[in-house]
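Asks: Coordinates in structure07.csv, CSV, C-alpha atoms, are listed below.
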```
chain,number,residue,atom,x,y,z
A,230,MET,CA,120.3,100.1,159.6
A,231,ILE,CA,116.6,100.3,158.5
A,232,ALA,CA,115.6,99.3,162.1
A,233,ALA,CA,117.7,102.0,163.6
A,234,LEU,CA,116.3,104.5,161.1
A,235,ILE,CA,112.7,103.6,162.0
A,236,ILE,CA,113.3,103.7,165.7
A,237,VAL,CA,115.2,107.0,165.6
A,238,PHE,CA,112.5,108.5,163.3
A,239,ARG,CA,109.7,107.5,165.6
A,240,GLU,CA,111.4,109.1,168.6
A,241,VAL,CA,112.5,112.2,166.8
A,242,LEU,CA,109.0,112.8,165.3
A,243,GLU,CA,107.4,114.0,168.5
A,244,ALA,CA,110.1,116.5,169.3
A,245,ALA,CA,110.2,117.7,165.7
A,246,LEU,CA,106.4,118.4,165.8
A,247,VAL,CA,106.7,120.3,169.1
A,248,ILE,CA,109.5,122.4,167.6
A,249,SER,CA,107.4,123.2,164.5
A,250,ILE,CA,104.5,124.3,166.5
A,251,VAL,CA,106.7,126.6,168.7
A,252,LEU,CA,108.5,128.0,165.7
A,253,SER,CA,105.3,128.8,163.8
A,254,SER,CA,103.5,130.3,166.8
A,255,THR,CA,106.5,132.7,167.3
A,256,ARG,CA,107.5,133.3,163.7
A,257,GLY,CA,109.0,136.6,162.9
A,258,LEU,CA,109.8,137.4,166.5
A,259,PRO,CA,113.3,138.6,167.2
A,260,GLY,CA,115.4,136.2,169.2
A,261,VAL,CA,113.2,133.2,168.5
A,262,GLY,CA,115.9,131.3,166.5
A,263,ARG,CA,118.4,131.8,169.4
A,264,TRP,CA,115.9,130.7,172.1
A,265,VAL,CA,114.7,127.6,170.1
A,266,SER,CA,118.3,126.6,169.2
A,267,ALA,CA,119.3,127.0,172.9
A,268,GLY,CA,116.3,124.8,173.8
A,269,ILE,CA,117.3,122.1,171.3
A,270,ALA,CA,121.0,122.2,172.4
A,271,ALA,CA,120.1,122.0,176.1
A,272,GLY,CA,117.7,119.1,175.3
A,273,VAL,CA,120.4,117.2,173.5
A,274,VAL,CA,122.9,117.7,176.3
A,275,GLY,CA,120.2,116.7,178.8
A,276,ALA,CA,119.3,113.7,176.8
A,277,ALA,CA,122.9,112.4,176.8
A,278,ILE,CA,123.1,112.9,180.6
A,279,VAL,CA,119.7,111.2,181.2
A,280,ALA,CA,120.8,108.3,179.0
A,281,GLN,CA,124.0,108.0,180.9
A,282,PHE,CA,122.2,107.8,184.2
A,283,ALA,CA,119.2,105.8,182.9
A,284,GLY,CA,120.0,103.0,185.3
A,285,VAL,CA,120.3,105.3,188.3
A,286,ILE,CA,117.1,107.2,187.4
A,287,SER,CA,115.2,103.9,187.0
A,288,ASP,CA,116.4,102.5,190.3
A,289,THR,CA,115.6,105.6,192.4
A,290,LEU,CA,112.2,106.1,194.0
A,291,ASN,CA,111.7,102.5,194.6
A,292,GLY,CA,112.2,101.6,191.0
A,293,TYR,CA,109.7,104.2,189.7
A,294,GLY,CA,112.2,106.9,189.0
A,295,GLN,CA,111.8,106.8,185.3
A,296,GLU,CA,108.0,107.1,185.5
A,297,ILE,CA,108.2,110.0,188.0
A,298,PHE,CA,110.9,111.7,185.9
A,299,ASN,CA,108.8,111.4,182.7
A,300,ALA,CA,105.7,112.7,184.5
A,301,CYS,CA,107.6,115.7,185.9
A,302,VAL,CA,109.1,116.5,182.5
A,303,LEU,CA,105.6,116.4,180.8
A,304,LEU,CA,103.9,118.4,183.5
A,305,LEU,CA,106.6,121.1,183.5
A,306,ALA,CA,106.1,121.4,179.7
A,307,VAL,CA,102.4,121.7,180.2
A,308,ALA,CA,102.9,124.4,182.8
A,309,MET,CA,105.2,126.3,180.4
A,310,LEU,CA,102.7,126.0,177.5
A,311,ALA,CA,99.9,127.2,179.8
A,312,TRP,CA,101.9,130.1,181.1
A,313,HIS,CA,102.8,131.2,177.6
A,314,THR,CA,99.2,131.0,176.4
A,315,ILE,CA,97.9,133.0,179.3
A,316,TRP,CA,100.6,135.6,178.9
A,317,MET,CA,99.7,135.9,175.2
A,318,SER,CA,96.1,136.6,176.0
A,319,THR,CA,97.2,139.8,177.8
A,320,HIS,CA,99.3,141.0,174.8
A,321,GLY,CA,98.0,139.0,171.9
A,322,ARG,CA,95.2,141.4,170.9
A,323,GLN,CA,97.6,144.2,170.1
A,324,MET,CA,99.9,141.8,168.3
A,325,VAL,CA,97.2,140.6,165.9
A,326,THR,CA,96.2,144.1,165.0
A,327,GLU,CA,99.7,145.3,164.5
A,328,LEU,CA,102.2,142.6,164.1
A,329,ARG,CA,105.1,145.0,163.9
A,330,SER,CA,104.7,146.0,167.5
A,331,VAL,CA,105.5,142.4,168.5
A,332,GLY,CA,109.2,143.1,168.3
A,333,ASP,CA,108.9,146.0,170.6
A,334,THR,CA,106.9,144.0,173.1
A,335,VAL,CA,109.5,141.3,173.2
A,336,ARG,CA,112.3,143.8,173.6
A,337,SER,CA,110.5,145.5,176.4
A,338,GLY,CA,110.9,142.4,178.4
A,339,GLY,CA,107.6,140.9,177.3
A,340,ARG,CA,106.8,137.6,175.7
A,341,PRO,CA,108.2,134.7,177.7
A,342,LEU,CA,110.2,133.0,174.9
A,343,TYR,CA,112.1,131.1,177.6
A,344,ALA,CA,108.9,129.2,178.4
A,345,LEU,CA,108.7,127.9,174.9
A,346,ALA,CA,112.4,127.2,174.7
A,347,LEU,CA,112.0,125.1,177.8
A,348,VAL,CA,109.2,123.2,176.2
A,349,VAL,CA,111.4,122.5,173.2
A,350,GLY,CA,114.3,121.4,175.5
A,351,LEU,CA,112.0,119.1,177.5
A,352,ALA,CA,110.6,117.5,174.3
A,353,VAL,CA,114.1,116.9,172.9
A,354,LEU,CA,115.3,115.6,176.3
A,355,ARG,CA,112.5,113.1,176.7
A,356,GLU,CA,112.7,111.6,173.2
A,357,GLY,CA,116.4,112.2,172.8
A,358,SER,CA,117.4,110.2,175.8
A,359,GLU,CA,115.8,107.1,174.3
A,360,VAL,CA,117.6,107.7,171.0
A,361,VAL,CA,120.9,108.1,172.7
A,362,LEU,CA,120.4,105.0,174.8
A,363,PHE,CA,119.4,103.0,171.7
A,364,LEU,CA,122.2,104.2,169.4
A,365,TYR,CA,124.8,103.9,172.1
A,366,GLY,CA,123.7,100.2,172.7
A,367,LEU,CA,123.7,99.6,169.0
A,368,ALA,CA,127.1,101.2,168.4
A,369,ALA,CA,128.6,99.2,171.2
A,370,SER,CA,127.4,95.9,169.9
A,371,ASP,CA,129.2,93.9,167.3
A,372,GLY,CA,129.1,95.5,163.8
A,373,GLY,CA,126.6,98.1,165.1
A,374,PHE,CA,128.7,101.2,164.8
A,375,GLY,CA,128.0,101.9,161.1
A,376,PRO,CA,124.2,101.2,161.3
A,377,ALA,CA,124.0,103.4,164.4
A,378,ILE,CA,125.6,106.3,162.6
A,379,LEU,CA,123.8,105.8,159.3
A,380,GLY,CA,120.4,104.8,160.6
A,381,GLY,CA,120.6,107.4,163.3
A,382,SER,CA,121.3,110.3,161.0
A,383,ALA,CA,118.8,109.1,158.4
A,384,GLY,CA,116.1,108.8,161.1
A,385,LEU,CA,116.9,112.2,162.4
A,386,ALA,CA,116.7,113.7,158.9
A,387,LEU,CA,113.4,112.1,158.2
A,388,GLY,CA,112.0,113.4,161.5
A,389,VAL,CA,113.2,116.9,160.7
A,390,VAL,CA,111.5,116.6,157.3
A,391,VAL,CA,108.1,115.8,158.8
A,392,GLY,CA,108.6,118.7,161.3
A,393,ALA,CA,109.5,121.0,158.4
A,394,VAL,CA,106.4,119.9,156.4
A,395,LEU,CA,104.2,120.9,159.3
A,396,TYR,CA,106.0,124.2,159.7
A,397,LEU,CA,105.8,125.1,156.0
A,398,GLY,CA,102.1,124.1,156.1
A,399,LEU,CA,101.5,126.4,159.0
A,400,LEU,CA,103.4,129.2,157.3
A,401,ARG,CA,100.7,129.3,154.6
A,402,ILE,CA,98.1,130.4,157.1
A,403,PRO,CA,97.3,134.1,156.7
A,404,THR,CA,98.9,136.3,159.4
A,405,GLY,CA,95.5,137.3,160.8
A,406,LYS,CA,94.6,133.7,161.6
A,407,ILE,CA,97.9,132.2,162.6
A,408,PHE,CA,97.7,133.6,166.2
A,409,SER,CA,94.4,131.8,167.1
A,410,ILE,CA,95.4,128.6,165.2
A,411,THR,CA,98.8,128.2,166.8
A,412,ASN,CA,97.3,129.2,170.1
A,413,TRP,CA,94.9,126.3,169.9
A,414,MET,CA,97.6,123.9,168.7
A,415,ILE,CA,99.6,124.8,171.8
A,416,ILE,CA,96.6,124.3,174.1
A,417,LEU,CA,95.9,120.9,172.5
A,418,LEU,CA,99.6,120.0,172.8
A,419,ALA,CA,99.5,120.8,176.5
A,420,ALA,CA,96.2,118.8,177.0
A,421,GLY,CA,97.7,115.8,175.3
A,422,MET,CA,100.9,116.0,177.3
A,423,ALA,CA,98.9,116.3,180.6
A,424,ALA,CA,96.9,113.3,179.7
A,425,GLN,CA,100.0,111.3,178.8
A,426,ALA,CA,101.6,112.3,182.1
A,427,MET,CA,98.8,110.4,183.8
A,428,ASN,CA,100.2,107.1,182.3
A,429,PHE,CA,103.4,107.7,184.2
A,430,LEU,CA,101.8,108.8,187.4
A,431,ALA,CA,99.5,105.7,187.2
A,432,ALA,CA,102.5,103.4,186.6
A,433,ALA,CA,104.2,104.9,189.7
A,434,GLY,CA,101.0,104.2,191.7
A,435,PHE,CA,100.0,107.9,192.3
A,436,VAL,CA,96.7,107.9,190.4
A,437,THR,CA,94.3,105.4,188.9
A,438,LEU,CA,93.4,105.6,185.3
A,439,GLY,CA,89.9,104.2,185.7
A,440,PRO,CA,87.8,102.3,183.2
A,441,THR,CA,88.6,102.5,179.5
A,442,LEU,CA,86.1,104.6,177.6
A,443,TRP,CA,86.5,103.3,174.1
A,444,ASP,CA,88.9,101.4,171.8
A,445,SER,CA,89.5,103.1,168.4
A,446,SER,CA,92.7,101.1,167.6
A,447,PHE,CA,90.9,99.4,164.7
A,448,LEU,CA,90.4,102.9,163.2
A,449,LEU,CA,93.8,104.3,164.0
A,450,SER,CA,96.5,102.5,165.8
A,451,GLU,CA,98.5,104.8,168.2
A,452,SER,CA,101.6,102.9,167.2
A,453,SER,CA,101.2,103.9,163.5
A,454,ILE,CA,103.1,106.9,162.2
A,455,LEU,CA,99.8,108.9,161.7
A,456,GLY,CA,98.6,107.7,165.2
A,457,LYS,CA,101.9,109.0,166.7
A,458,ILE,CA,101.6,112.3,164.9
A,459,LEU,CA,98.0,112.8,166.1
A,460,HIS,CA,99.1,111.6,169.6
A,461,THR,CA,101.6,114.5,169.7
A,462,LEU,CA,99.4,117.2,168.0
A,463,ILE,CA,96.0,116.6,169.6
A,464,GLY,CA,96.8,114.0,172.3
A,465,TYR,CA,95.1,111.0,170.4
A,466,ILE,CA,94.9,108.0,172.7
A,467,GLU,CA,93.5,104.8,171.1
A,468,ARG,CA,92.1,103.5,174.4
A,469,PRO,CA,91.5,106.5,176.6
A,470,THR,CA,90.4,106.1,180.2
A,471,VAL,CA,88.2,108.3,182.4
A,472,LEU,CA,91.2,110.0,183.9
A,473,HIS,CA,92.7,110.8,180.5
A,474,LEU,CA,89.5,112.5,179.4
A,475,ILE,CA,89.1,114.4,182.7
A,476,VAL,CA,92.7,115.7,182.6
A,477,TYR,CA,92.5,116.5,178.8
A,478,ILE,CA,89.3,118.5,179.1
A,479,GLY,CA,90.4,119.9,182.4
A,480,THR,CA,93.7,121.2,181.0
A,481,ILE,CA,91.9,122.9,178.0
A,482,GLY,CA,89.3,124.4,180.4
A,483,LEU,CA,91.9,125.6,182.8
A,484,ILE,CA,94.0,127.3,180.2
A,485,THR,CA,91.1,128.9,178.2
A,486,GLY,CA,89.3,129.8,181.4
A,487,THR,CA,92.3,131.6,182.9
A,488,THR,CA,93.0,133.2,179.5
A,489,ARG,CA,89.5,134.6,179.4
A,490,LEU,CA,89.7,135.8,183.0
A,491,VAL,CA,93.0,137.6,182.5
A,492,SER,CA,92.1,139.2,179.2
A,493,ASN,CA,88.7,140.4,180.5
A,494,SER,CA,90.4,142.1,183.4
A,495,GLN,CA,93.0,143.6,181.1
A,496,GLN,CA,90.3,145.0,178.8
A,497,LYS,CA,88.6,146.8,181.7
A,498,LYS,CA,91.5,148.9,182.6
A,499,PRO,CA,93.4,151.2,180.2
A,500,VAL,CA,96.4,149.6,178.5
A,501,SER,CA,99.4,150.7,180.6
A,502,GLY,CA,102.1,149.3,178.3
B,50,MET,CA,98.5,142.0,188.8
B,51,LYS,CA,96.1,139.3,188.0
B,52,ILE,CA,98.8,137.1,186.6
B,53,GLN,CA,100.6,137.1,190.0
B,54,SER,CA,97.4,135.9,191.7
B,55,VAL,CA,96.8,133.2,189.0
B,56,LEU,CA,100.4,132.0,189.5
B,57,MET,CA,100.0,132.0,193.2
B,58,THR,CA,96.9,129.9,192.9
B,59,ALA,CA,98.6,127.5,190.5
B,60,THR,CA,101.5,127.2,192.9
B,61,LEU,CA,99.2,126.4,195.7
B,62,VAL,CA,97.3,123.8,193.7
B,63,LEU,CA,100.5,122.2,192.6
B,64,SER,CA,102.0,122.0,196.1
B,65,ALA,CA,98.7,120.6,197.4
B,66,LEU,CA,98.8,117.9,194.7
B,67,PHE,CA,102.4,117.2,195.5
B,68,SER,CA,101.7,116.7,199.2
B,69,ILE,CA,98.8,114.4,198.2
B,70,ALA,CA,101.3,112.5,196.1
B,71,ASN,CA,103.8,112.4,199.0
B,72,GLY,CA,101.1,111.2,201.4
B,73,SER,CA,100.2,108.3,199.2
B,74,SER,CA,103.8,107.3,198.6
B,75,ASP,CA,103.1,104.1,200.6
B,76,ALA,CA,101.5,103.2,197.3
B,77,LEU,CA,105.0,102.5,196.2
B,78,ALA,CA,105.4,99.8,198.8
B,79,GLU,CA,105.3,96.4,197.2
B,80,ASP,CA,103.3,93.5,198.4
B,81,ALA,CA,102.2,92.0,195.1
B,82,ARG,CA,103.2,88.8,193.3
B,83,ILE,CA,106.4,89.2,191.2
B,84,ILE,CA,106.4,87.7,187.8
B,85,LYS,CA,109.8,87.5,186.1
B,86,VAL,CA,110.1,88.2,182.4
B,87,GLU,CA,113.3,88.0,180.3
B,88,ILE,CA,114.2,89.8,177.2
B,89,GLN,CA,116.8,87.9,175.2
B,90,ASP,CA,117.5,88.2,171.4
B,91,HIS,CA,114.6,90.7,171.4
B,92,THR,CA,112.0,88.2,172.5
B,93,PHE,CA,110.1,87.9,175.8
B,94,THR,CA,110.2,84.8,177.9
B,95,PRO,CA,107.5,84.0,178.9
B,96,ASP,CA,105.5,85.7,176.2
B,97,ARG,CA,102.3,84.6,177.7
B,98,ILE,CA,101.5,85.6,181.3
B,99,GLU,CA,98.4,84.4,183.1
B,100,VAL,CA,97.0,86.2,186.0
B,101,ALA,CA,93.7,86.3,187.9
B,102,ALA,CA,91.2,89.1,187.4
B,103,GLY,CA,91.7,91.8,189.9
B,104,GLU,CA,95.1,90.6,190.9
B,105,THR,CA,97.9,93.2,191.4
B,106,PHE,CA,101.2,92.0,190.2
B,107,ILE,CA,104.7,93.2,189.3
B,108,LEU,CA,106.5,92.3,186.1
B,109,GLU,CA,110.2,92.2,186.7
B,110,VAL,CA,111.6,92.6,183.3
B,111,SER,CA,115.3,91.7,182.8
B,112,ASN,CA,116.8,92.8,179.6
B,113,ARG,CA,119.7,90.4,178.7
B,114,ASP,CA,120.4,92.2,175.4
B,115,PRO,CA,123.0,94.9,175.0
B,116,LEU,CA,120.3,97.1,173.3
B,117,PRO,CA,117.6,98.9,175.3
B,118,GLU,CA,114.0,97.9,174.9
B,119,GLU,CA,110.9,99.9,175.4
B,120,PHE,CA,108.2,97.8,177.1
B,121,GLU,CA,105.0,99.1,175.7
B,122,SER,CA,101.4,98.3,176.0
B,123,MET,CA,98.7,100.5,174.6
B,124,ALA,CA,96.1,98.3,176.3
B,125,LEU,CA,97.7,98.9,179.7
B,126,HIS,CA,99.0,102.5,179.0
B,127,ILE,CA,102.5,101.5,179.9
B,128,GLU,CA,105.7,102.6,178.3
B,129,LYS,CA,109.0,101.9,180.1
B,130,VAL,CA,112.5,101.9,178.7
B,131,ILE,CA,114.7,99.2,180.0
B,132,ALA,CA,118.4,99.8,179.2
B,133,GLY,CA,120.6,97.0,178.0
B,134,HIS,CA,121.7,94.5,180.7
B,135,THR,CA,119.4,96.1,183.3
B,136,ASP,CA,116.1,95.3,185.0
B,137,GLY,CA,112.9,97.2,185.3
B,138,LYS,CA,109.8,96.6,187.2
B,139,ILE,CA,106.3,97.4,186.1
B,140,ARG,CA,103.4,97.3,188.5
B,141,ILE,CA,100.0,96.4,187.1
B,142,ASN,CA,96.9,96.9,189.2
B,143,GLY,CA,93.9,94.6,189.1
B,144,LEU,CA,92.8,94.0,185.5
B,145,GLU,CA,89.4,92.9,184.1
B,146,ALA,CA,89.3,89.5,182.4
B,147,GLY,CA,90.7,89.7,178.8
B,148,GLU,CA,93.9,89.7,176.8
B,149,TYR,CA,96.3,92.6,177.0
B,150,ALA,CA,99.1,92.7,174.3
B,151,PHE,CA,102.5,94.1,175.0
B,152,ILE,CA,105.5,94.7,172.7
B,153,GLY,CA,109.1,95.7,172.8
B,154,GLU,CA,108.7,98.9,170.8
B,155,PHE,CA,112.3,98.9,169.6
B,156,HIS,CA,111.9,95.4,168.0
B,157,ALA,CA,108.1,95.2,167.6
B,158,ASP,CA,108.4,92.5,164.9
B,159,GLN,CA,110.0,90.0,167.3
B,160,ALA,CA,109.2,91.2,170.8
B,161,ASN,CA,105.6,90.4,171.4
B,162,GLY,CA,103.7,89.0,174.4
B,163,VAL,CA,100.3,89.0,176.0
B,164,ILE,CA,98.9,89.1,179.5
B,165,VAL,CA,95.9,86.8,179.8
B,166,VAL,CA,93.6,87.7,182.7
B,167,LYS,CA,91.1,85.1,183.7
```
Go ahead and express the file in the form of structure tokens.
Replies:
Amino acid sequence: MIAALIIVFREVLEAALVISIVLSSTRGLPGVGRWVSAGIAAGVVGAAIVAQFAGVISDTLNGYGQEIFNACVLLLAVAMLAWHTIWMSTHGRQMVTELRSVGDTVRSGGRPLYALALVVGLAVLREGSEVVLFLYGLAASDGGFGPAILGGSAGLALGVVVGAVLYLGLLRIPTGKIFSITNWMIILLAAGMAAQAMNFLAAAGFVTLGPTLWDSSFLLSESSILGKILHTLIGYIERPTVLHLIVYIGTIGLITGTTRLVSNSQQKKPVSG
Amino acid sequence: MKIQSVLMTATLVLSALFSIANGSSDALAEDARIIKVEIQDHTFTPDRIEVAAGETFILEVSNRDPLPEEFESMALHIEKVIAGHTDGKIRINGLEAGEYAFIGEFHADQANGVIVVK
């Protein structure tokens, strides 16, 4: 049961952290709860479907279906995070100065909450499919049903607790600063995901990772819980390669650069709603 | 309407990348040595794999257990889930001499192995 708990916890952790960041970056907005819940629900359903067809996915595309699927899921999440950040730069300024107007902006067909809901759904889908696969295998094996249920729920609960701790910590940040802090968290989340996607593209033979830049596994192992948390939050990789670094910095540069371009051009013309 | 033009550019870049990816899909064609690895009772057999430096090879991992296993190597930047009673293949491009550890993440205390490159 302990084994199941640990495995489920490790898988749930990443999705829980992503959900916390999304929730704290959108706190107080009307409809957030519904969008995020819908994202989680869709992710769980998707995870069950992906787990069911794990063999089929693995065997497609000459045996690299799983890698290509994972790369697509990650890159789609990166695109959604980038899109949300860039959109925010056109409206964020008003929001910081007058938070109450946020509600109106959203109602007037503004902030793309669907983008963040999709990010949540994709995170749940990716981690959840492994959980489903594992728990299903465990439950189907001799005497494994009890441990699967107990360990699974305990691991899920523990993952949710860590996510809640991050969320509550972020809640303490004053309103004036929360926008820029969660904005940066989302940018780093995207950069980390983009770098991780390179592993899957490399495994499928589309890119070459290049030489390893350093090995900091003696300082912080990426397999440790803290290593895993930092891997999700800021994209920590214990042995990054040239391509990881290029994609990581490139993603940050692309998002912040586009953000600046868009908000500069917005400032020059009068606000038209 | 800057956002539209940004989106257009992004779409163009993405589709360009995608066509590059498609063009190099012959990279998926296999002509490398196949090394068979079995997972049984959450252990790898063999758990020590020797290859030559620079050699491209394919690990064909057969999971004989009912439980899935996640083949993971931080040193090789590989993570691949292999469902119970299925096979998965992992291509590894020319490595420099050294030792590269791998584990089964779901049973990391038992499932350990190393690729030794000479």
Asks: With distances taken over all atoms listed in the file, which residue among B:Ile139, B:Glu148, B:Glu99, B:Phe93 lies nearest chain A?
Replies: B:Ile139
Asks: Which distance in Å separates CA of Phe151 in chain B and CA of Leu455 in chain A, to one decimal?
Replies: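 So the answer is 20.1 Å.
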Asks: What are the residues of chain A that have an atom within 6 Å of an atom of chain B, counting all atoms listed in the file, as a list in words?
Replies: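 Filtering chain A at 6 Å from chain B with all atoms listed in the file gives Phe363, Gly366, Asn428 and Gly434 of chain A.
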Asks: By how many Å are CA of Ile248 in chain A and CA of Leu354 in chain A apart?
Replies: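 Distance between the two atoms: 12.5 Å.
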Asks: Kindly give the distance, in Å, that separates CA of Ala344 in chain A and CA of Met309 in chain A, rounded to a single decimal.
Replies: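 Computing the Euclidean distance for CA of Ala344 in chain A and CA of Met309 in chain A yields 5.1 Å.
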Asks: Counting all atoms listed in the file, figure out which residue out of B:Val110, B:Val166, B:Ala146, B:Val100 gets nearest to Ile88 in chain B.
Replies: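 Looking at the shortest contact to Ile88 in chain B, the residue is B:Val110.
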Asks: List as a list of chain:residue names the protein and nucleic acid residues near range 272-280 of chain A, meaning an atom at most 9 Å away when all atoms listed in the file are counted, but skip any in the same chain fewer than 3 places from it.
Replies: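 The residues that qualify are A:Ala267, A:Gly268, A:Ile269, A:Ala283, A:Gly284, A:Ile286, A:Leu347, A:Val349, A:Gly350, A:Leu351, A:Ala352, A:Val353, A:Leu354, A:Arg355, A:Glu356, A:Gly357, A:Ser358, A:Glu359, A:Val360, A:Val361, A:Leu362, B:Ala132.
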Asks: Counting all atoms listed in the file, figure out which residue out of B:Asp96, B:Leu108, B:Ala101, B:Arg82 gets nearest to Ala150 in chain B.
Replies: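 Selected residue with least distance to Ala150 in chain B: B:Asp96.
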Asks: Within 12 Å of (126.2, 106.0, 161.7), only C-alpha atoms: residues as a list in words?
Replies: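 Counting only C-alpha atoms, I find these residues within 12 Å of (126.2, 106.0, 161.7): Met230, Ile231, Ala233, Leu234, Val237, Leu364, Tyr365, Leu367, Ala368, Ala369, Gly372, Gly373, Phe374, Gly375, Pro376, Ala377, Ile378, Leu379, Gly380, Gly381, Ser382, Ala383, Gly384 and Leu385 of chain A.
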